[in-house]
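A.B. asks: Pasting work_12.pdb below, which is PDB, C-alpha atoms, pLDDT in the B column.
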ATOM      1  CA  MET X   9      51.772 157.064-107.960  1.00 58.00           C
ATOM      2  CA  GLN X  10      52.896 153.465-107.532  1.00 63.00           C
ATOM      3  CA  ALA X  11      54.074 151.808-104.346  1.00 61.00           C
ATOM      4  CA  PRO X  12      57.812 151.246-104.001  1.00 62.00           C
ATOM      5  CA  ASP X  13      59.144 147.835-105.052  1.00 61.00           C
ATOM      6  CA  ARG X  14      59.835 146.828-101.437  1.00 58.00           C
ATOM      7  CA  LEU X  15      56.126 147.209-100.625  1.00 60.00           C
ATOM      8  CA  ARG X  16      54.963 145.250-103.680  1.00 65.00           C
ATOM      9  CA  SER X  17      57.381 142.398-103.054  1.00 69.00           C
ATOM     10  CA  SER X  18      56.466 139.254-101.157  1.00 75.00           C
ATOM     11  CA  TRP X  19      57.892 140.338 -97.809  1.00 69.00           C
ATOM     12  CA  TRP X  20      56.377 137.289 -96.146  1.00 68.00           C
ATOM     13  CA  LYS X  21      58.603 134.994 -98.209  1.00 74.00           C
ATOM     14  CA  ASN X  22      61.630 136.327 -96.328  1.00 76.00           C
ATOM     15  CA  LEU X  23      60.065 135.864 -92.902  1.00 74.00           C
ATOM     16  CA  LYS X  24      62.155 133.555 -90.707  1.00 78.00           C
ATOM     17  CA  LEU X  25      60.028 131.166 -88.681  1.00 77.00           C
ATOM     18  CA  THR X  26      61.096 130.302 -85.162  1.00 82.00           C
ATOM     19  CA  PRO X  27      59.973 127.466 -82.882  1.00 81.00           C
ATOM     20  CA  SER X  28      58.236 129.967 -80.589  1.00 80.00           C
ATOM     21  CA  MET X  29      56.011 131.078 -83.482  1.00 78.00           C
ATOM     22  CA  GLY X  30      54.925 127.480 -83.951  1.00 79.00           C
ATOM     23  CA  VAL X  31      54.151 127.139 -80.253  1.00 80.00           C
ATOM     24  CA  ALA X  32      52.118 130.357 -80.314  1.00 80.00           C
ATOM     25  CA  VAL X  33      50.043 129.108 -83.243  1.00 79.00           C
ATOM     26  CA  ALA X  34      49.516 125.730 -81.553  1.00 80.00           C
ATOM     27  CA  VAL X  35      48.320 127.412 -78.331  1.00 80.00           C
ATOM     28  CA  LEU X  36      45.965 129.659 -80.288  1.00 81.00           C
ATOM     29  CA  ILE X  37      44.444 126.707 -82.138  1.00 84.00           C
ATOM     30  CA  ALA X  38      44.169 124.613 -78.955  1.00 81.00           C
ATOM     31  CA  GLY X  39      42.400 127.477 -77.153  1.00 80.00           C
ATOM     32  CA  ALA X  40      39.918 127.937 -79.984  1.00 80.00           C
ATOM     33  CA  ALA X  41      39.252 124.195 -80.118  1.00 80.00           C
ATOM     34  CA  ALA X  42      38.752 123.976 -76.345  1.00 80.00           C
ATOM     35  CA  SER X  43      36.364 126.929 -76.398  1.00 77.00           C
ATOM     36  CA  TRP X  44      34.325 125.331 -79.186  1.00 74.00           C
ATOM     37  CA  TYR X  45      34.268 121.982 -77.346  1.00 74.00           C
ATOM     38  CA  MET X  46      33.068 123.570 -74.084  1.00 70.00           C
ATOM     39  CA  ARG X  47      30.283 125.427 -75.901  1.00 70.00           C
ATOM     40  CA  GLN X  48      29.172 122.173 -77.553  1.00 72.00           C
ATOM     41  CA  MET X  49      29.234 120.204 -74.294  1.00 68.00           C
ATOM     42  CA  HIS X  50      27.349 122.814 -72.262  1.00 57.00           C
ATOM     43  CA  GLY X  51      24.816 123.955 -74.799  1.00 55.00           C
ATOM     44  CA  GLY X  52      26.369 127.343 -75.499  1.00 49.00           C
ATOM     45  CA  SER X  53      27.123 128.325 -71.917  1.00 46.00           C
ATOM     46  CA  ILE X  54      30.068 127.164 -69.856  1.00 43.00           C
ATOM     47  CA  ASN X  55      28.173 127.911 -66.605  1.00 45.00           C
ATOM     48  CA  ALA X  56      24.895 126.341 -67.732  1.00 45.00           C
ATOM     49  CA  GLN X  57      24.873 124.064 -64.683  1.00 50.00           C
ATOM     50  CA  LEU X  58      24.878 127.153 -62.416  1.00 68.00           C
ATOM     51  CA  ALA X  59      21.663 128.757 -63.597  1.00 76.00           C
ATOM     52  CA  GLU X  60      20.092 131.234 -61.195  1.00 81.00           C
ATOM     53  CA  GLY X  61      18.332 129.399 -58.392  1.00 78.00           C
ATOM     54  CA  SER X  62      19.758 126.008 -59.319  1.00 82.00           C
ATOM     55  CA  LEU X  63      21.846 125.510 -56.141  1.00 86.00           C
ATOM     56  CA  ARG X  64      21.541 125.732 -52.404  1.00 92.00           C
ATOM     57  CA  VAL X  65      24.984 126.990 -51.390  1.00 92.00           C
ATOM     58  CA  ASN X  66      26.948 127.154 -48.174  1.00 93.00           C
ATOM     59  CA  LEU X  67      27.751 130.813 -47.468  1.00 94.00           C
ATOM     60  CA  ASN X  68      31.035 129.839 -45.808  1.00 92.00           C
ATOM     61  CA  THR X  69      32.470 127.715 -48.642  1.00 92.00           C
ATOM     62  CA  ALA X  70      30.741 128.829 -51.859  1.00 91.00           C
ATOM     63  CA  THR X  71      32.751 130.230 -54.748  1.00 89.00           C
ATOM     64  CA  LEU X  72      31.863 133.593 -56.282  1.00 89.00           C
ATOM     65  CA  THR X  73      30.188 131.811 -59.206  1.00 88.00           C
ATOM     66  CA  GLU X  74      28.080 129.722 -56.836  1.00 89.00           C
ATOM     67  CA  LEU X  75      27.075 132.812 -54.847  1.00 91.00           C
ATOM     68  CA  GLU X  76      26.089 134.605 -58.051  1.00 90.00           C
ATOM     69  CA  SER X  77      23.663 131.761 -58.798  1.00 89.00           C
ATOM     70  CA  ILE X  78      21.543 132.987 -55.857  1.00 91.00           C
ATOM     71  CA  PRO X  79      18.653 135.124 -57.192  1.00 90.00           C
ATOM     72  CA  GLY X  80      19.365 138.799 -56.502  1.00 90.00           C
ATOM     73  CA  ILE X  81      23.113 138.344 -55.888  1.00 91.00           C
ATOM     74  CA  GLY X  82      25.511 139.868 -58.396  1.00 90.00           C
ATOM     75  CA  SER X  83      29.286 139.976 -58.418  1.00 90.00           C
ATOM     76  CA  THR X  84      29.525 142.933 -55.992  1.00 93.00           C
ATOM     77  CA  LEU X  85      27.320 141.353 -53.327  1.00 94.00           C
ATOM     78  CA  ALA X  86      29.026 137.972 -53.819  1.00 93.00           C
ATOM     79  CA  LYS X  87      32.396 139.584 -53.064  1.00 93.00           C
ATOM     80  CA  GLN X  88      30.962 141.263 -49.943  1.00 94.00           C
ATOM     81  CA  ILE X  89      29.499 137.958 -48.741  1.00 94.00           C
ATOM     82  CA  VAL X  90      32.929 136.335 -49.067  1.00 93.00           C
ATOM     83  CA  ALA X  91      34.591 139.262 -47.245  1.00 94.00           C
ATOM     84  CA  HIS X  92      32.251 138.930 -44.230  1.00 93.00           C
ATOM     85  CA  ARG X  93      32.848 135.204 -43.649  1.00 91.00           C
ATOM     86  CA  PRO X  94      32.383 133.119 -41.482  1.00 93.00           C
ATOM     87  CA  TYR X  95      28.643 132.957 -40.887  1.00 94.00           C
ATOM     88  CA  THR X  96      26.849 131.031 -38.166  1.00 94.00           C
ATOM     89  CA  SER X  97      23.380 132.147 -39.293  1.00 95.00           C
ATOM     90  CA  ILE X  98      21.855 133.279 -42.569  1.00 95.00           C
ATOM     91  CA  ASP X  99      20.461 136.307 -40.726  1.00 95.00           C
ATOM     92  CA  GLN X 100      24.007 137.670 -40.375  1.00 95.00           C
ATOM     93  CA  LEU X 101      23.789 138.723 -44.053  1.00 95.00           C
ATOM     94  CA  VAL X 102      21.861 141.795 -42.895  1.00 95.00           C
ATOM     95  CA  ALA X 103      25.255 143.296 -41.922  1.00 94.00           C
ATOM     96  CA  ILE X 104      26.095 143.606 -45.629  1.00 94.00           C
ATOM     97  CA  ARG X 105      25.070 146.865 -47.250  1.00 93.00           C
ATOM     98  CA  GLY X 106      22.477 146.145 -49.908  1.00 92.00           C
ATOM     99  CA  ILE X 107      21.011 143.087 -48.181  1.00 93.00           C
ATOM    100  CA  GLY X 108      17.997 143.671 -45.945  1.00 93.00           C
ATOM    101  CA  ALA X 109      15.526 141.463 -44.131  1.00 93.00           C
ATOM    102  CA  SER X 110      13.292 141.069 -47.201  1.00 94.00           C
ATOM    103  CA  SER X 111      16.304 140.102 -49.356  1.00 93.00           C
ATOM    104  CA  ILE X 112      17.302 137.468 -46.826  1.00 94.00           C
ATOM    105  CA  GLU X 113      13.810 135.977 -46.885  1.00 94.00           C
ATOM    106  CA  LYS X 114      13.907 135.767 -50.697  1.00 93.00           C
ATOM    107  CA  MET X 115      17.312 134.044 -50.720  1.00 92.00           C
ATOM    108  CA  ARG X 116      16.737 131.778 -47.703  1.00 93.00           C
ATOM    109  CA  PRO X 117      15.776 128.731 -49.871  1.00 93.00           C
ATOM    110  CA  TYR X 118      19.098 129.040 -51.729  1.00 93.00           C
ATOM    111  CA  VAL X 119      21.577 129.440 -48.857  1.00 94.00           C
ATOM    112  CA  LYS X 120      22.775 127.624 -45.760  1.00 94.00           C
ATOM    113  CA  VAL X 121      25.729 127.866 -43.371  1.00 94.00           C
ATOM    114  CA  ASP X 122      26.838 124.246 -43.131  1.00 92.00           C
ATOM    115  CA  GLY X 123      27.324 121.250 -45.403  1.00 88.00           C
ATOM    116  CA  GLU X 124      27.973 121.051 -49.127  1.00 88.00           C
ATOM    117  CA  ALA X 125      26.212 122.823 -51.970  1.00 85.00           C
ATOM    118  CA  GLU X 126      23.236 120.889 -53.288  1.00 87.00           C
ATOM    119  CA  LYS X 127      21.500 120.974 -56.655  1.00 86.00           C
ATOM    120  CA  LEU X 128      17.870 122.109 -56.454  1.00 81.00           C
ATOM    121  CA  ARG X 129      16.630 121.477 -59.993  1.00 66.00           C
TER     122      ARG X 129
END
Go ahead and render the structure in this file as structure tokens.
C.D. replies:
Amino acid sequence: MQAPDRLRSSWWKNLKLTPSMGVAVAVLIAGAAASWYMRQMHGGSINAQLAEGSLRVNLNTATLTELESIPGIGSTLAKQIVAHRPYTSIDQLVAIRGIGASSIEKMRPYVKVDGEAEKLR
């Protein structure tokens, strides 16, 4: 059984192009090019400069990405740290479920409560 003539025909020849289609293609190409450029500039990782343990961050001003650079802190704990702001002492982190005294001691070199974030490595 053969396909009907309408299916074998070059349907794409009758396609009417609109300016919005051109814009969509341009945005798609620009996004792909920007993604490639960022991978080339950062050695394959956009957040390469925020490797785990590479920053000493201020608990009161750090972004989620900066908080996740602290060893032992994932996205869930980072969100809880932000929700419990402001902090006057690092020891106040013990109020967050999942962070105990031993966790605070391990992260103490990577956190502070005043000043700007600083690069450690």
A.B. asks: Which is closer to X:Ala59 than all the others in X:Leu101, X:Ile112, X:Pro94, X:Lys127, using only C-alpha atoms?
C.D. replies: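 Nearest candidate to X:Ala59 out of X:Leu101, X:Ile112, X:Pro94, X:Lys127: X:Lys127.
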A.B. asks: So, counting all atoms listed in the file, which residue among X:Ile37, X:Ser28, X:Val119, X:Glu74 is closest to X:Lys87?
C.D. replies: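 Counting all atoms listed in the file, the residue closest to X:Lys87 is X:Glu74.
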A.B. asks: Hey, can you check how far atom CA of X:Tyr95 sits from atom CA of X:Asn68?
C.D. replies: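 The value is 6.3 Å.
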A.B. asks: Can you tell me, as a ChimeraX atom specification, what residues are no more than 10 Å from X:Asp99 when counting all atoms listed in the file, ignoring any on the same chain fewer than 5 positions away?
C.D. replies: /X:108-109,112-113,116
A.B. asks: Spell out the residues picked by the PyMOL selection byres ((chain X and resi 60) around 12) here, as a PDB file with C-alpha atoms, in the coordinates of the input.
C.D. replies:
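Final output, selection-v8.pdb:
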ATOM      1  CA  ASN X  55      28.173 127.911 -66.605  1.00 45.00           C
ATOM      2  CA  ALA X  56      24.895 126.341 -67.732  1.00 45.00           C
ATOM      3  CA  GLN X  57      24.873 124.064 -64.683  1.00 50.00           C
ATOM      4  CA  LEU X  58      24.878 127.153 -62.416  1.00 68.00           C
ATOM      5  CA  ALA X  59      21.663 128.757 -63.597  1.00 76.00           C
ATOM      6  CA  GLY X  61      18.332 129.399 -58.392  1.00 78.00           C
ATOM      7  CA  SER X  62      19.758 126.008 -59.319  1.00 82.00           C
ATOM      8  CA  LEU X  63      21.846 125.510 -56.141  1.00 86.00           C
ATOM      9  CA  ARG X  64      21.541 125.732 -52.404  1.00 92.00           C
ATOM     10  CA  VAL X  65      24.984 126.990 -51.390  1.00 92.00           C
ATOM     11  CA  THR X  73      30.188 131.811 -59.206  1.00 88.00           C
ATOM     12  CA  GLU X  74      28.080 129.722 -56.836  1.00 89.00           C
ATOM     13  CA  LEU X  75      27.075 132.812 -54.847  1.00 91.00           C
ATOM     14  CA  GLU X  76      26.089 134.605 -58.051  1.00 90.00           C
ATOM     15  CA  SER X  77      23.663 131.761 -58.798  1.00 89.00           C
ATOM     16  CA  ILE X  78      21.543 132.987 -55.857  1.00 91.00           C
ATOM     17  CA  PRO X  79      18.653 135.124 -57.192  1.00 90.00           C
ATOM     18  CA  GLY X  80      19.365 138.799 -56.502  1.00 90.00           C
ATOM     19  CA  ILE X  81      23.113 138.344 -55.888  1.00 91.00           C
ATOM     20  CA  GLY X  82      25.511 139.868 -58.396  1.00 90.00           C
ATOM     21  CA  MET X 115      17.312 134.044 -50.720  1.00 92.00           C
ATOM     22  CA  TYR X 118      19.098 129.040 -51.729  1.00 93.00           C
ATOM     23  CA  LYS X 127      21.500 120.974 -56.655  1.00 86.00           C
ATOM     24  CA  LEU X 128      17.870 122.109 -56.454  1.00 81.00           C
ATOM     25  CA  ARG X 129      16.630 121.477 -59.993  1.00 66.00           C
TER      26      ARG X 129
END
